[in-house]
Each structure stands twice: as structure tokens, then as C-alpha cells.
Amino acid sequence: MWRPPQRIKWVPQPGEWPDQKTAAKSRLFSQVNLGPVSLEQRTWIPAMVPWRATGDGEVTPAVLDWYARFARGRPGAIVVEATGIRDIPSGPLLRISNDSYIDGLRRLVDIVREASDGHTKLFIQCIDFLSIRRRPDPERFLKEFLRITDSYRETLDAKDWDERQIRDYLVSLDEASLAKILDERDLESLRMGYRERVTDMHLPQIAELPKVLPDLFAEAALRAKKAGFDGVELHYAHAYTMSSFLSRLNTRNDGYGGPLKNRLRLPLEVLNAVRIAVGKDYTLGCRYLADDIVAGGNTVEDAAQIGVAFAEAGMNFLSLSRGGRFEDAKQPSVGAAAYPYTGPSGYECMPQYYSDERGPFGRNIEPAAQIRNAIRAAGYKTPVIVTGGVHGFNQAEAILSSGKGDIVGFARQALADPDWFLKVRLGRGSENIVCEYTNYCEALDQKHVPVTCKLWDRVDMDEKEILKTFDGKRRLTAPIWERDMDIDEALQG
Ligand SMILES: Cc1cc2nc3c(=O)[nH]c(=O)nc-3n(C[C@H](O)[C@H](O)[C@H](O)COP(=O)(O)O)c2cc1C
Ligand code: SF4
């Protein structure tokens with residue numbers, strides 16, 4: 001992963017923990033409405049893909065175990081990982097692409113209700129993404145995949161050569177020479193692996209995205225409602241289809257690209273279709289970027305306008321992330337696919353402890369405040385969720401009391417210690433295991449292998465009935481925090 005060149009090493013700074021009375025009076029542990037749904041507290045575990053589904057995207061015992069473990073800490077809400085809305089193979093990523101997935105997802109809803117004693121609300125993040133291929137072996141790319149066009153024949157002055165001769169010649173060249181011959185996209189396919197973009201209008205499946213996506217999202221959301229989720233989060237963030245429509249980099253010429261009004265068109269049409277499918281009395285929100293963090297992409301000013309448009313269109317919540325784009329991703333090794341969290345924009349999405357003077361904690365707070373101000377100035381009360389490097393109570397409380405956000409997201413901190421929320425409420429915050437922002441978990445995510453935390457994945461390995469990775473080396477969820485009390489009684493006392 002890319003890290004700021006300053007390489008300043010930061011340690012977590014959770015600060016003082018509140019006693020139980022202070023926690024009970026805090027904004028963090030106060031109620032908030034997201035459309036028709038009420039959260040008991042303003043804490044939120046944003047989507048985190050743990051790579052535990054079957055190869056077909058089905059819920060497994062390990063998926064249930066993962067979400068049940070988070071639910072035991074009773075956060076206000078959990079968002080289930082990015083879940084695919086299309087029937088396409090996507091490895092062990094959950095899917096919601098046809099009705100056969102509903103039963104498994106219903107079990108997931110039930111287990112979260114049970115493990116949180118009904119205190120935690122559950123949303124699911126619905127995602128669409130475009131096709132991406134692994135970085136090819138250069139010889140194979142030039143001999144098999146590259147399309148030899150007339151333009152290449154002309155550049156090479158090779159009108160009389162047969163295709164085999166051209167390919168053999170290209171194979172004999174070094175990369176610098178190839179860079180002078182291949183067009184930008186072919187060169188990118190050679191260096192990074194082929195990747196579709198929303199602007200590839202010559203591809204029928206890309207041109208027709210505005211026709212197919214509203215229904216695909218609407219059907220998926222209806223399944224989520226049938227499975228019992230409290231609401232749906234549309235994934236409009238990071239490197240994926242909908243975020244790419246919103247981005248300034250979207251230059252489509254069919255009325256869905258160019259000026260902001262056009263870039264907003266598909267995200268709003270999707271929202272509209274989903275709303276019709278699930279009805280008015282169902283919570284619908286989205287996750288989108290406070291800043292694309294890539295050259296030519298959306299800035300916080302764009303994101304503020306987008307926020308106002310979403311609020312106006314009836315989103316019940318807006319969860320802000322930042323960066324995480326393909327445009328600045330690192331070159332993958334041959335045989336691996338490009339990963340959108342490896343460049344500077346990836347750093348902004350999941351900042352790590354080696355950082356710059358600003359440090360890794362709360363980098364999205366000020367942009368979120370700016371976006372929230374614009375939404376409030378336009379007269380909308382839509383709750384804004386702020387996430388990124390939050391691990392301390394005072395830090396979270398300050399976001400809320402200063403009006404920079406309405407709900408606080410804790411992704412890696414919840415992974416490091418899923419009981420953070422309960423411990424803080426009980427005045428036992430000093431028992432928290434605090435995230436060190438190592439991004440060990442993120443490296444596992446990049447390899448598409450089960451995500452765990454380095455602070456607990458080799459602890460108490462003899463514990464009975466725990467689930468482990470296939471090689472038996474890592475446990476899949478955090479050890480249980482033995483609570484020697486009746487929680488509800490303790491919280492009242
Ligand atoms: C292992 C892992 C998987 C993630 N998967 C998703 C995802 O599916 N959807 C999403 O919007 N963000 C995803 N994220 C980003 C987080 O939701 C969050 O925005 C980011 O980690 C920054 O918050 P934090 O500092 O509290 O961890 C993931 C992060 C991690 C560490
Ligand atoms: S592995 Fe654990 S400590 Fe390291 S960043 Fe992930 S959650 Fe935090």
C-alpha cells in the first residue's frame with residue numbers, strides 16, 4: 001500500500017474514557033432516526049468485506065459468526081459488506097443477485113438480532129462493479145490478447161506483414177518501445193490488466209448500464225427487505241460503477257456523463273427505482289466519496305452538491321468515505337489484479353499509522369463537515385455518517401457535538417475490538433483493544449482471503465468450537481469478552 005513519504009509513525013490516541021454516567025449522557029450514545037428506522041445510538045460499523053462467503057456468494061457459518069461477533073458489542077448499526085447485485089462469479093463475496101440468496105441472508109439478519117438482543121439495526125450494502133482482469137504475462141498479451149488494428153499496422157509500417165509477424169515483432173520489443181506504439185488503453189492493459197470503465201461506450205454492456213442498473217439495484221433491495229434488513233445502503237463509493245458515474249472523470253456522451261447534473265442522473269434513477277420497489281417506509285441511503293482524491297476527480301465541493309441532491313431526492317442517510325480508486329492504483333504483479341486501495345487515494349480511504357503531519361485519524365472529518373453544512377444550508381436534515389481513523393470516545397463525541405457529523409463510523413476499530421461500544425457505555429473503555437492502524441487486515445482483504453485482526457487472530461487458539469482459517473493458523477473472530485454481568489441491568493445501574 002502507498003504511504004505518505006513523510007513516514008511519520010503515529011500511535012493510536014484514544015484519550016480518556018468516560019465513566020458510565022458520562023457515556024449515558026453523551027451524544028454518541030443518544031438515539032437518531034434514519035428515515036423510518038431509529039438507531040439506539042450514533043455508532044455505526046461500516047461495510048467491511050471479510051471474504052467468508054462461498055464461491056457462489058452464499059452466507060456461510062463463518063459469515064454468520066463474523067456478524068454475530070460484531071452484534072454482541074451492540075453498535076447502533078452494522079452495514080453488511082459490499083454484496084453483489086449481479087449473477088456473476090465474484091469469489092467469496094456475498095451476493096443478493098437472485099431470490100435463492102434470501103434464506104441465507106435472513107439467517108444473517110436473525111443472528112444479528114439475537115446476538116445484539118435486538119439492539120443493533122442491520123443494513124446491507126449493494127454493489128455493482130465492472131469487469132477487471134489480472135495483469136497478463138506480457139508475451140501472452142502480445143501474442144493472444146492484443147487486437148492488431150489498422151492503426152498499429154500503420155504505426156509499424158507493416159501493411160504487408162501477417163498478424164503473426166507483427167505479434168512476434170512486438171514481443172521482441174522492450175516496454176519503453178512498446179509504450180511508443182501501443183495506445184493508452186492497450187498499454188494500460190499490458191501494465192495493469194484490462195479494466196472496463198463507465199466511459200467505454202463502444203461496449204454494449206457499458207452503454208446499456210443506465211438501462212439495466214436501476215432494475216438490478218431495485219430487485220436486490222427488495223430481496224434485502226424480504227430478508228428482514230432494516231434498510232439498504234447503495235454503494236456509490238470507491239472504484240465501483242456508481243461512483244464512477246458520479247465522478248468528474250465520467251465523460252459519457254449519452255446524457256449520463258459530463259456536467260454534474262448528468263453524472264447524478266443514474267445514481268438518482270437507481271434511487272428512484274429502488275424507492276419504488278421497497279416503498280416509502282423503508283430506509284434507503286448510500287455511501288459515496290467526500291473526495292475522489294485522484295487527479296481530475298470529484299472534490300469536496302462536488303461532493304457537497306451531490307449530498308444536497310441526494311438529500312433532496314430522499315436518501316435517509318449519507319455515509320461518507322474517501323478515495324479508494326483504480327486511477328492511482330499500484331501496478332499489480334503478473335497474474336494479480338489491480339487493487340484500488342494501493343495508491344494515495346487508497347491511503348485516504350484506509351489511512352495507516354505511517355502517515356504525514358496530519359496523521360491517520362479523522363482525515364474525513366472536515367470534508368464531512370463541509371458536506372453536512374451544505375446539506376443543512378439547503379434545508380435538509382439527512383444524517384451524515386463520518387468514518388475514518390476514529391477509535392476514541394472523545395474524538396467521536398467531538399465530531400457530533402461540533403456538528404461535523406450525525407453518526408460515527410468505526411470500521412477497523414470495531415474489527416480490533418467489537419465490544420468497544422459496550423465497554424465504553426459500561427464505563428470500561430480502558431479495557432478496549434485499540435486499533436493500531438497497521439492495515440494487516442487490509443492486506444488480507446487485498447488477497448481476498450479471510451480478514452482478521454493481528455491483535456487477536458492467534459490468541460486463545462485452543463478455545464472450543466472457534467472457527468479458523470483452512471490452514472488452522474488464524475481464528476476468524478475476536479475472542480469473546482467474558483461479561484460477568486447482566487448487560488441490561490448493568491447499563492441501567
Ligand atoms: C477489510 C476491509 C474491508 C472493507 N470493505 C468495505 C466495503 O465492503 N465497502 C465499503 O464501503 N468500505 C469498505 N471498507 C472501508 C471501511 O468501511 C472504512 O471506510 C475504512 O476502513 C476507514 O474507516 P476506519 O478507519 O474506521 O477503518 C473496508 C475496510 C476494510 C479494512
Ligand atoms: S489488523 Fe487490527 S490493528 Fe491492524 S489495522 Fe486492522 S483492525 Fe487495526
# chains A, B, ... in the order shown; residues from 1 in each chain; ligands from 1
>>> residues_around(residues="Ala396 in chain A", least_positions_apart="5", cutoff="10 Å", atoms="only C-alpha atoms", output="MDAnalysis selection string")
chainID A and resid 14 27:28 42:43 362 386:387 390:391 401 405 407:410
>>> write_last_selection(atoms="N, CA and C atoms", output="mmCIF file, in the first residue's frame")
data_model
loop_
_atom_site.group_PDB
_atom_site.id
_atom_site.type_symbol
_atom_site.label_atom_id
_atom_site.label_comp_id
_atom_site.auth_asym_id
_atom_site.auth_seq_id
_atom_site.Cartn_x
_atom_site.Cartn_y
_atom_site.Cartn_z
ATOM 1 N N PRO A 14 -6.519 7.201 21.867
ATOM 2 C CA PRO A 14 -7.939 7.136 22.247
ATOM 3 C C PRO A 14 -8.323 8.166 23.300
ATOM 4 N N ARG A 27 -23.715 12.408 23.360
ATOM 5 C CA ARG A 27 -24.430 12.372 22.077
ATOM 6 C C ARG A 27 -24.185 11.042 21.374
ATOM 7 N N LEU A 28 -22.959 10.524 21.527
ATOM 8 C CA LEU A 28 -22.610 9.279 20.821
ATOM 9 C C LEU A 28 -23.596 8.163 21.149
ATOM 10 N N ARG A 42 -25.528 6.535 18.151
ATOM 11 C CA ARG A 42 -24.975 7.085 16.911
ATOM 12 C C ARG A 42 -23.667 6.408 16.533
ATOM 13 N N THR A 43 -23.600 5.109 16.717
ATOM 14 C CA THR A 43 -22.395 4.358 16.340
ATOM 15 C C THR A 43 -22.746 3.421 15.197
ATOM 16 N N GLY A 362 -9.088 10.640 11.502
ATOM 17 C CA GLY A 362 -10.123 11.644 11.241
ATOM 18 C C GLY A 362 -9.870 12.509 10.012
ATOM 19 N N VAL A 386 -19.808 9.833 9.489
ATOM 20 C CA VAL A 386 -18.385 10.164 9.286
ATOM 21 C C VAL A 386 -17.538 8.983 9.749
ATOM 22 N N THR A 387 -16.622 8.568 8.898
ATOM 23 C CA THR A 387 -15.787 7.402 9.209
ATOM 24 C C THR A 387 -14.338 7.703 8.851
ATOM 25 N N VAL A 390 -11.350 6.675 13.481
ATOM 26 C CA VAL A 390 -11.933 7.014 14.783
ATOM 27 C C VAL A 390 -11.810 5.812 15.721
ATOM 28 N N HIS A 391 -11.259 6.066 16.906
ATOM 29 C CA HIS A 391 -11.065 4.965 17.864
ATOM 30 C C HIS A 391 -11.257 5.401 19.313
ATOM 31 N N SER A 401 -20.642 16.735 18.662
ATOM 32 C CA SER A 401 -21.025 17.972 19.362
ATOM 33 C C SER A 401 -20.638 19.214 18.569
ATOM 34 N N GLY A 405 -20.791 15.825 12.030
ATOM 35 C CA GLY A 405 -21.441 14.606 11.566
ATOM 36 C C GLY A 405 -22.558 14.255 12.524
ATOM 37 N N ILE A 407 -23.502 10.703 12.915
ATOM 38 C CA ILE A 407 -23.260 9.323 13.339
ATOM 39 C C ILE A 407 -21.775 9.071 13.080
ATOM 40 N N VAL A 408 -21.147 8.245 13.922
ATOM 41 C CA VAL A 408 -19.713 7.997 13.727
ATOM 42 C C VAL A 408 -19.478 6.533 13.328
ATOM 43 N N GLY A 409 -18.704 6.357 12.266
ATOM 44 C CA GLY A 409 -18.381 5.018 11.778
ATOM 45 C C GLY A 409 -17.060 4.532 12.370
ATOM 46 N N PHE A 410 -17.044 3.269 12.760
ATOM 47 C CA PHE A 410 -15.824 2.644 13.289
ATOM 48 C C PHE A 410 -15.655 1.344 12.516
#
>>> residues_near_ligand(ligand="ligand 1", cutoff="9 Å", atoms="only C-alpha atoms and all ligand atoms", output="JSON, numbers by chain")
{"A": [45, 46, 47, 48, 49, 50, 51, 79, 80, 81, 82, 83, 125, 127, 235, 236, 237, 238, 287, 288, 319, 320, 321, 322, 324, 348, 349, 350, 351, 352, 360, 361, 362, 386, 387, 388, 389, 390, 391, 408, 409, 410, 411, 412, 413, 414, 415, 435, 437, 439, 440, 441, 442, 443, 444, 445, 446, 450, 451, 452]}
>>> residues_around(residues="Leu266 in chain A", least_positions_apart="4", cutoff="8 Å", atoms="only C-alpha atoms", output="compact mmCIF listing (two decimals) with N, CA and C atoms, in the first residue's frame")
# COMPACT_ATOMS: atom_id res chain seq x y z
N PRO A 210 -27.15 2.39 -17.86
CA PRO A 210 -28.30 3.15 -17.33
C PRO A 210 -29.63 2.43 -17.52
N PRO A 214 -30.88 0.36 -12.76
CA PRO A 214 -31.99 0.66 -11.84
C PRO A 214 -32.76 -0.60 -11.43
N MET A 242 -21.09 2.89 -9.68
CA MET A 242 -21.88 4.08 -9.42
C MET A 242 -21.02 5.29 -9.06
N PHE A 245 -19.77 6.75 -12.16
CA PHE A 245 -20.76 7.62 -12.82
C PHE A 245 -20.74 9.01 -12.19
N TYR A 256 -25.45 10.86 -19.46
CA TYR A 256 -25.12 10.34 -18.12
C TYR A 256 -23.69 10.68 -17.71
N ASN A 262 -25.75 15.63 -15.14
CA ASN A 262 -25.79 14.37 -15.90
C ASN A 262 -25.16 13.22 -15.11
N VAL A 270 -31.38 5.22 -10.11
CA VAL A 270 -31.29 3.99 -9.31
C VAL A 270 -32.06 4.17 -8.01
>>> select_by_dssp(residues="range 373-435 of chain A", states="helix (DSSP H, G or I)", output="list in words")
Asn373, Ala374, Ile375, Arg376, Ala377, Phe393, Asn394, Gln395, Ala396, Glu397, Ala398, Ile399, Leu400, Ser401, Arg412, Gln413, Ala414, Leu415, Ala416, Trp420, Phe421, Leu422, Lys423, Val424, Arg425, Gly429, Ser430 and Glu431 of chain A
>>> write_last_selection(atoms="N, CA and C atoms", output="PDB file, in the first residue's frame")
ATOM      1  N   ASN A 373     -22.701  20.806   6.173  1.00  0.00           N
ATOM      2  CA  ASN A 373     -23.128  22.216   6.197  1.00  0.00           C
ATOM      3  C   ASN A 373     -23.931  22.569   4.952  1.00  0.00           C
ATOM      4  N   ALA A 374     -23.459  22.089   3.800  1.00  0.00           N
ATOM      5  CA  ALA A 374     -24.171  22.400   2.548  1.00  0.00           C
ATOM      6  C   ALA A 374     -25.566  21.781   2.575  1.00  0.00           C
ATOM      7  N   ILE A 375     -25.657  20.567   3.109  1.00  0.00           N
ATOM      8  CA  ILE A 375     -26.964  19.885   3.166  1.00  0.00           C
ATOM      9  C   ILE A 375     -27.901  20.632   4.123  1.00  0.00           C
ATOM     10  N   ARG A 376     -27.364  21.052   5.270  1.00  0.00           N
ATOM     11  CA  ARG A 376     -28.188  21.786   6.231  1.00  0.00           C
ATOM     12  C   ARG A 376     -28.585  23.146   5.656  1.00  0.00           C
ATOM     13  N   ALA A 377     -27.635  23.812   4.972  1.00  0.00           N
ATOM     14  CA  ALA A 377     -27.947  25.129   4.393  1.00  0.00           C
ATOM     15  C   ALA A 377     -29.065  25.020   3.358  1.00  0.00           C
ATOM     16  N   PHE A 393     -13.392   7.736  22.382  1.00  0.00           N
ATOM     17  CA  PHE A 393     -14.714   8.286  22.717  1.00  0.00           C
ATOM     18  C   PHE A 393     -14.745   9.803  22.510  1.00  0.00           C
ATOM     19  N   ASN A 394     -13.744  10.509  23.038  1.00  0.00           N
ATOM     20  CA  ASN A 394     -13.763  11.981  22.951  1.00  0.00           C
ATOM     21  C   ASN A 394     -13.705  12.456  21.499  1.00  0.00           C
ATOM     22  N   GLN A 395     -12.926  11.726  20.721  1.00  0.00           N
ATOM     23  CA  GLN A 395     -12.802  12.045  19.292  1.00  0.00           C
ATOM     24  C   GLN A 395     -14.177  11.914  18.612  1.00  0.00           C
ATOM     25  N   ALA A 396     -14.883  10.846  18.926  1.00  0.00           N
ATOM     26  CA  ALA A 396     -16.201  10.605  18.318  1.00  0.00           C
ATOM     27  C   ALA A 396     -17.202  11.647  18.816  1.00  0.00           C
ATOM     28  N   GLU A 397     -17.154  11.908  20.112  1.00  0.00           N
ATOM     29  CA  GLU A 397     -18.103  12.853  20.711  1.00  0.00           C
ATOM     30  C   GLU A 397     -17.890  14.261  20.125  1.00  0.00           C
ATOM     31  N   ALA A 398     -16.626  14.611  19.890  1.00  0.00           N
ATOM     32  CA  ALA A 398     -16.327  15.947  19.348  1.00  0.00           C
ATOM     33  C   ALA A 398     -16.897  16.092  17.932  1.00  0.00           C
ATOM     34  N   ILE A 399     -16.873  15.040  17.158  1.00  0.00           N
ATOM     35  CA  ILE A 399     -17.443  15.100  15.797  1.00  0.00           C
ATOM     36  C   ILE A 399     -18.925  15.463  15.891  1.00  0.00           C
ATOM     37  N   LEU A 400     -19.603  14.835  16.834  1.00  0.00           N
ATOM     38  CA  LEU A 400     -21.047  15.045  16.951  1.00  0.00           C
ATOM     39  C   LEU A 400     -21.370  16.397  17.585  1.00  0.00           C
ATOM     40  N   SER A 401     -20.642  16.735  18.662  1.00  0.00           N
ATOM     41  CA  SER A 401     -21.025  17.972  19.362  1.00  0.00           C
ATOM     42  C   SER A 401     -20.638  19.214  18.569  1.00  0.00           C
ATOM     43  N   ARG A 412     -12.206  -0.367  11.266  1.00  0.00           N
ATOM     44  CA  ARG A 412     -11.115  -1.174  11.824  1.00  0.00           C
ATOM     45  C   ARG A 412     -11.136  -1.214  13.345  1.00  0.00           C
ATOM     46  N   GLN A 413     -11.567  -0.139  13.994  1.00  0.00           N
ATOM     47  CA  GLN A 413     -11.639  -0.187  15.461  1.00  0.00           C
ATOM     48  C   GLN A 413     -12.625  -1.267  15.919  1.00  0.00           C
ATOM     49  N   ALA A 414     -13.735  -1.419  15.181  1.00  0.00           N
ATOM     50  CA  ALA A 414     -14.703  -2.460  15.554  1.00  0.00           C
ATOM     51  C   ALA A 414     -14.138  -3.849  15.270  1.00  0.00           C
ATOM     52  N   LEU A 415     -13.288  -3.936  14.256  1.00  0.00           N
ATOM     53  CA  LEU A 415     -12.651  -5.229  13.968  1.00  0.00           C
ATOM     54  C   LEU A 415     -11.657  -5.569  15.088  1.00  0.00           C
ATOM     55  N   ALA A 416     -10.891  -4.563  15.507  1.00  0.00           N
ATOM     56  CA  ALA A 416      -9.914  -4.796  16.577  1.00  0.00           C
ATOM     57  C   ALA A 416     -10.626  -5.162  17.877  1.00  0.00           C
ATOM     58  N   TRP A 420     -16.090  -2.589  21.729  1.00  0.00           N
ATOM     59  CA  TRP A 420     -15.761  -1.185  22.028  1.00  0.00           C
ATOM     60  C   TRP A 420     -16.982  -0.427  22.545  1.00  0.00           C
ATOM     61  N   PHE A 421     -18.103  -0.574  21.844  1.00  0.00           N
ATOM     62  CA  PHE A 421     -19.316   0.213  22.128  1.00  0.00           C
ATOM     63  C   PHE A 421     -19.855  -0.096  23.530  1.00  0.00           C
ATOM     64  N   LEU A 422     -19.928  -1.372  23.805  1.00  0.00           N
ATOM     65  CA  LEU A 422     -20.448  -1.803  25.101  1.00  0.00           C
ATOM     66  C   LEU A 422     -19.498  -1.436  26.236  1.00  0.00           C
ATOM     67  N   LYS A 423     -18.221  -1.643  26.005  1.00  0.00           N
ATOM     68  CA  LYS A 423     -17.248  -1.330  27.056  1.00  0.00           C
ATOM     69  C   LYS A 423     -17.303   0.151  27.399  1.00  0.00           C
ATOM     70  N   VAL A 424     -17.391   1.001  26.370  1.00  0.00           N
ATOM     71  CA  VAL A 424     -17.425   2.445  26.638  1.00  0.00           C
ATOM     72  C   VAL A 424     -18.700   2.798  27.403  1.00  0.00           C
ATOM     73  N   ARG A 425     -19.815   2.226  26.992  1.00  0.00           N
ATOM     74  CA  ARG A 425     -21.084   2.547  27.679  1.00  0.00           C
ATOM     75  C   ARG A 425     -21.055   2.104  29.138  1.00  0.00           C
ATOM     76  N   GLY A 429     -14.100   1.582  29.221  1.00  0.00           N
ATOM     77  CA  GLY A 429     -13.361   1.854  27.986  1.00  0.00           C
ATOM     78  C   GLY A 429     -11.893   1.492  28.071  1.00  0.00           C
ATOM     79  N   SER A 430     -11.354   1.547  29.297  1.00  0.00           N
ATOM     80  CA  SER A 430      -9.921   1.246  29.425  1.00  0.00           C
ATOM     81  C   SER A 430      -9.629  -0.221  29.086  1.00  0.00           C
ATOM     82  N   GLU A 431     -10.672  -1.047  29.013  1.00  0.00           N
ATOM     83  CA  GLU A 431     -10.458  -2.454  28.637  1.00  0.00           C
ATOM     84  C   GLU A 431     -10.459  -2.639  27.113  1.00  0.00           C
TER      85      GLU A 431
END
>>> residues_around(residues="Gln41 in chain A", least_positions_apart="5", cutoff="9 Å", atoms="only C-alpha atoms", output="number ranges by chain")
A: 27-32, 75-77, 120, 407
>>> atom_distance(atom1="CA of Leu284 in chain A", atom2="CA of Ala220 in chain A")
12.5 Å
>>> residues_around(residues="Lys9 in chain A", least_positions_apart="2", cutoff="8 Å", atoms="only C-alpha atoms", output="ChimeraX atom specification")
/A:7,11,353-355
>>> residues_around(residues="Leu249 in chain A", least_positions_apart="2", cutoff="9 Å", atoms="only C-alpha atoms", output="PyMOL selection string")
chain A and resi 199+244-247+251+257-258+295-298
>>> write_last_selection(atoms="N, CA and C atoms", output="PDB file, in the first residue's frame")
ATOM      1  N   THR A 199     -16.960   4.785 -19.198  1.00  0.00           N
ATOM      2  CA  THR A 199     -16.904   5.593 -20.424  1.00  0.00           C
ATOM      3  C   THR A 199     -16.645   4.743 -21.687  1.00  0.00           C
ATOM      4  N   SER A 244     -18.129   5.745 -10.220  1.00  0.00           N
ATOM      5  CA  SER A 244     -17.515   6.177 -11.478  1.00  0.00           C
ATOM      6  C   SER A 244     -18.486   7.019 -12.295  1.00  0.00           C
ATOM      7  N   PHE A 245     -19.771   6.752 -12.159  1.00  0.00           N
ATOM      8  CA  PHE A 245     -20.756   7.620 -12.824  1.00  0.00           C
ATOM      9  C   PHE A 245     -20.743   9.013 -12.189  1.00  0.00           C
ATOM     10  N   LEU A 246     -20.607   9.056 -10.866  1.00  0.00           N
ATOM     11  CA  LEU A 246     -20.653  10.357 -10.177  1.00  0.00           C
ATOM     12  C   LEU A 246     -19.411  11.206 -10.423  1.00  0.00           C
ATOM     13  N   SER A 247     -18.297  10.535 -10.710  1.00  0.00           N
ATOM     14  CA  SER A 247     -17.012  11.228 -10.775  1.00  0.00           C
ATOM     15  C   SER A 247     -16.912  12.198 -11.953  1.00  0.00           C
ATOM     16  N   THR A 251     -16.983  11.018 -18.592  1.00  0.00           N
ATOM     17  CA  THR A 251     -17.232  11.887 -19.746  1.00  0.00           C
ATOM     18  C   THR A 251     -18.212  11.243 -20.735  1.00  0.00           C
ATOM     19  N   GLY A 257     -23.056  11.577 -18.438  1.00  0.00           N
ATOM     20  CA  GLY A 257     -21.697  11.978 -18.091  1.00  0.00           C
ATOM     21  C   GLY A 257     -21.518  13.455 -18.354  1.00  0.00           C
ATOM     22  N   GLY A 258     -20.363  14.002 -17.992  1.00  0.00           N
ATOM     23  CA  GLY A 258     -20.106  15.429 -18.228  1.00  0.00           C
ATOM     24  C   GLY A 258     -20.496  16.270 -17.027  1.00  0.00           C
ATOM     25  N   ALA A 295      -6.489  12.799  -9.562  1.00  0.00           N
ATOM     26  CA  ALA A 295      -6.418  13.947 -10.460  1.00  0.00           C
ATOM     27  C   ALA A 295      -7.644  13.964 -11.366  1.00  0.00           C
ATOM     28  N   GLY A 296      -8.300  15.100 -11.427  1.00  0.00           N
ATOM     29  CA  GLY A 296      -9.454  15.254 -12.317  1.00  0.00           C
ATOM     30  C   GLY A 296     -10.747  14.698 -11.759  1.00  0.00           C
ATOM     31  N   GLY A 297     -10.700  14.099 -10.571  1.00  0.00           N
ATOM     32  CA  GLY A 297     -11.914  13.508  -9.988  1.00  0.00           C
ATOM     33  C   GLY A 297     -12.691  14.512  -9.154  1.00  0.00           C
ATOM     34  N   ASN A 298     -13.731  14.035  -8.471  1.00  0.00           N
ATOM     35  CA  ASN A 298     -14.559  14.926  -7.646  1.00  0.00           C
ATOM     36  C   ASN A 298     -13.775  15.462  -6.456  1.00  0.00           C
TER      37      ASN A 298
END
>>> atom_distance(atom1="CA of Leu108 in chain A", atom2="CA of Ala68 in chain A")
8.2 Å
>>> atom_distance(atom1="CA of Asn364 in chain A", atom2="CA of Asp291 in chain A")
8.9 Å
>>> select_by_dssp(residues="range 86-262 of chain A", states="strand (DSSP E or B)", output="PDB file with N, CA and C atoms, in the first residue's frame")
ATOM      1  N   ARG A  95     -23.600 -12.355  -2.205  1.00  0.00           N
ATOM      2  CA  ARG A  95     -24.438 -11.901  -3.321  1.00  0.00           C
ATOM      3  C   ARG A  95     -25.903 -11.837  -2.914  1.00  0.00           C
ATOM      4  N   LYS A 121     -29.330  -2.273  14.597  1.00  0.00           N
ATOM      5  CA  LYS A 121     -30.028  -2.302  13.309  1.00  0.00           C
ATOM      6  C   LYS A 121     -29.070  -2.789  12.230  1.00  0.00           C
ATOM      7  N   LEU A 122     -29.643  -3.429  11.212  1.00  0.00           N
ATOM      8  CA  LEU A 122     -28.788  -4.060  10.196  1.00  0.00           C
ATOM      9  C   LEU A 122     -29.146  -3.586   8.790  1.00  0.00           C
ATOM     10  N   PHE A 123     -28.129  -3.071   8.109  1.00  0.00           N
ATOM     11  CA  PHE A 123     -28.291  -2.642   6.718  1.00  0.00           C
ATOM     12  C   PHE A 123     -27.400  -3.514   5.835  1.00  0.00           C
ATOM     13  N   ILE A 124     -27.641  -3.466   4.553  1.00  0.00           N
ATOM     14  CA  ILE A 124     -26.775  -4.225   3.640  1.00  0.00           C
ATOM     15  C   ILE A 124     -26.337  -3.305   2.514  1.00  0.00           C
ATOM     16  N   GLN A 125     -25.053  -3.412   2.163  1.00  0.00           N
ATOM     17  CA  GLN A 125     -24.516  -2.550   1.104  1.00  0.00           C
ATOM     18  C   GLN A 125     -24.630  -3.284  -0.231  1.00  0.00           C
ATOM     19  N   CYS A 126     -25.298  -2.683  -1.195  1.00  0.00           N
ATOM     20  CA  CYS A 126     -25.487  -3.322  -2.510  1.00  0.00           C
ATOM     21  C   CYS A 126     -24.529  -2.702  -3.523  1.00  0.00           C
ATOM     22  N   ILE A 127     -23.810  -3.565  -4.209  1.00  0.00           N
ATOM     23  CA  ILE A 127     -22.739  -3.067  -5.082  1.00  0.00           C
ATOM     24  C   ILE A 127     -22.862  -3.597  -6.514  1.00  0.00           C
ATOM     25  N   ILE A 132     -12.820  -6.634 -14.516  1.00  0.00           N
ATOM     26  CA  ILE A 132     -11.385  -6.333 -14.420  1.00  0.00           C
ATOM     27  C   ILE A 132     -10.633  -7.649 -14.586  1.00  0.00           C
ATOM     28  N   ARG A 195      -9.204  -3.354 -17.774  1.00  0.00           N
ATOM     29  CA  ARG A 195     -10.267  -2.923 -16.849  1.00  0.00           C
ATOM     30  C   ARG A 195     -11.312  -2.110 -17.610  1.00  0.00           C
ATOM     31  N   GLY A 231     -32.662  -1.787   6.284  1.00  0.00           N
ATOM     32  CA  GLY A 231     -32.507  -0.823   5.206  1.00  0.00           C
ATOM     33  C   GLY A 231     -31.381  -1.232   4.273  1.00  0.00           C
ATOM     34  N   VAL A 232     -31.214  -0.423   3.247  1.00  0.00           N
ATOM     35  CA  VAL A 232     -30.221  -0.721   2.207  1.00  0.00           C
ATOM     36  C   VAL A 232     -29.294   0.468   2.037  1.00  0.00           C
ATOM     37  N   GLU A 233     -28.008   0.165   1.897  1.00  0.00           N
ATOM     38  CA  GLU A 233     -27.030   1.209   1.560  1.00  0.00           C
ATOM     39  C   GLU A 233     -26.575   0.961   0.125  1.00  0.00           C
ATOM     40  N   LEU A 234     -26.837   1.916  -0.742  1.00  0.00           N
ATOM     41  CA  LEU A 234     -26.392   1.798  -2.136  1.00  0.00           C
ATOM     42  C   LEU A 234     -24.910   2.143  -2.175  1.00  0.00           C
ATOM     43  N   HIS A 235     -24.120   1.294  -2.782  1.00  0.00           N
ATOM     44  CA  HIS A 235     -22.670   1.539  -2.816  1.00  0.00           C
ATOM     45  C   HIS A 235     -22.354   2.468  -3.980  1.00  0.00           C
ATOM     46  N   TYR A 236     -22.198   3.760  -3.653  1.00  0.00           N
ATOM     47  CA  TYR A 236     -21.860   4.774  -4.656  1.00  0.00           C
ATOM     48  C   TYR A 236     -20.436   5.275  -4.403  1.00  0.00           C
TER      49      TYR A 236
END
>>> residues_around(residues="Gly228 in chain A", least_positions_apart="2", cutoff="7 Å", atoms="only C-alpha atoms", output="ChimeraX atom specification")
/A:106,109,224-226,230
>>> closest_residue(among="A:Ala368, A:Ile433, A:Leu142, A:Ile385", to="Ser189 in chain A", atoms="only C-alpha atoms")
A:Leu142
>>> closest_residue(among="A:Ala478, A:Ala490, A:Leu222, A:Val434", to="ligand 2", atoms="only C-alpha atoms and all ligand atoms")
A:Val434
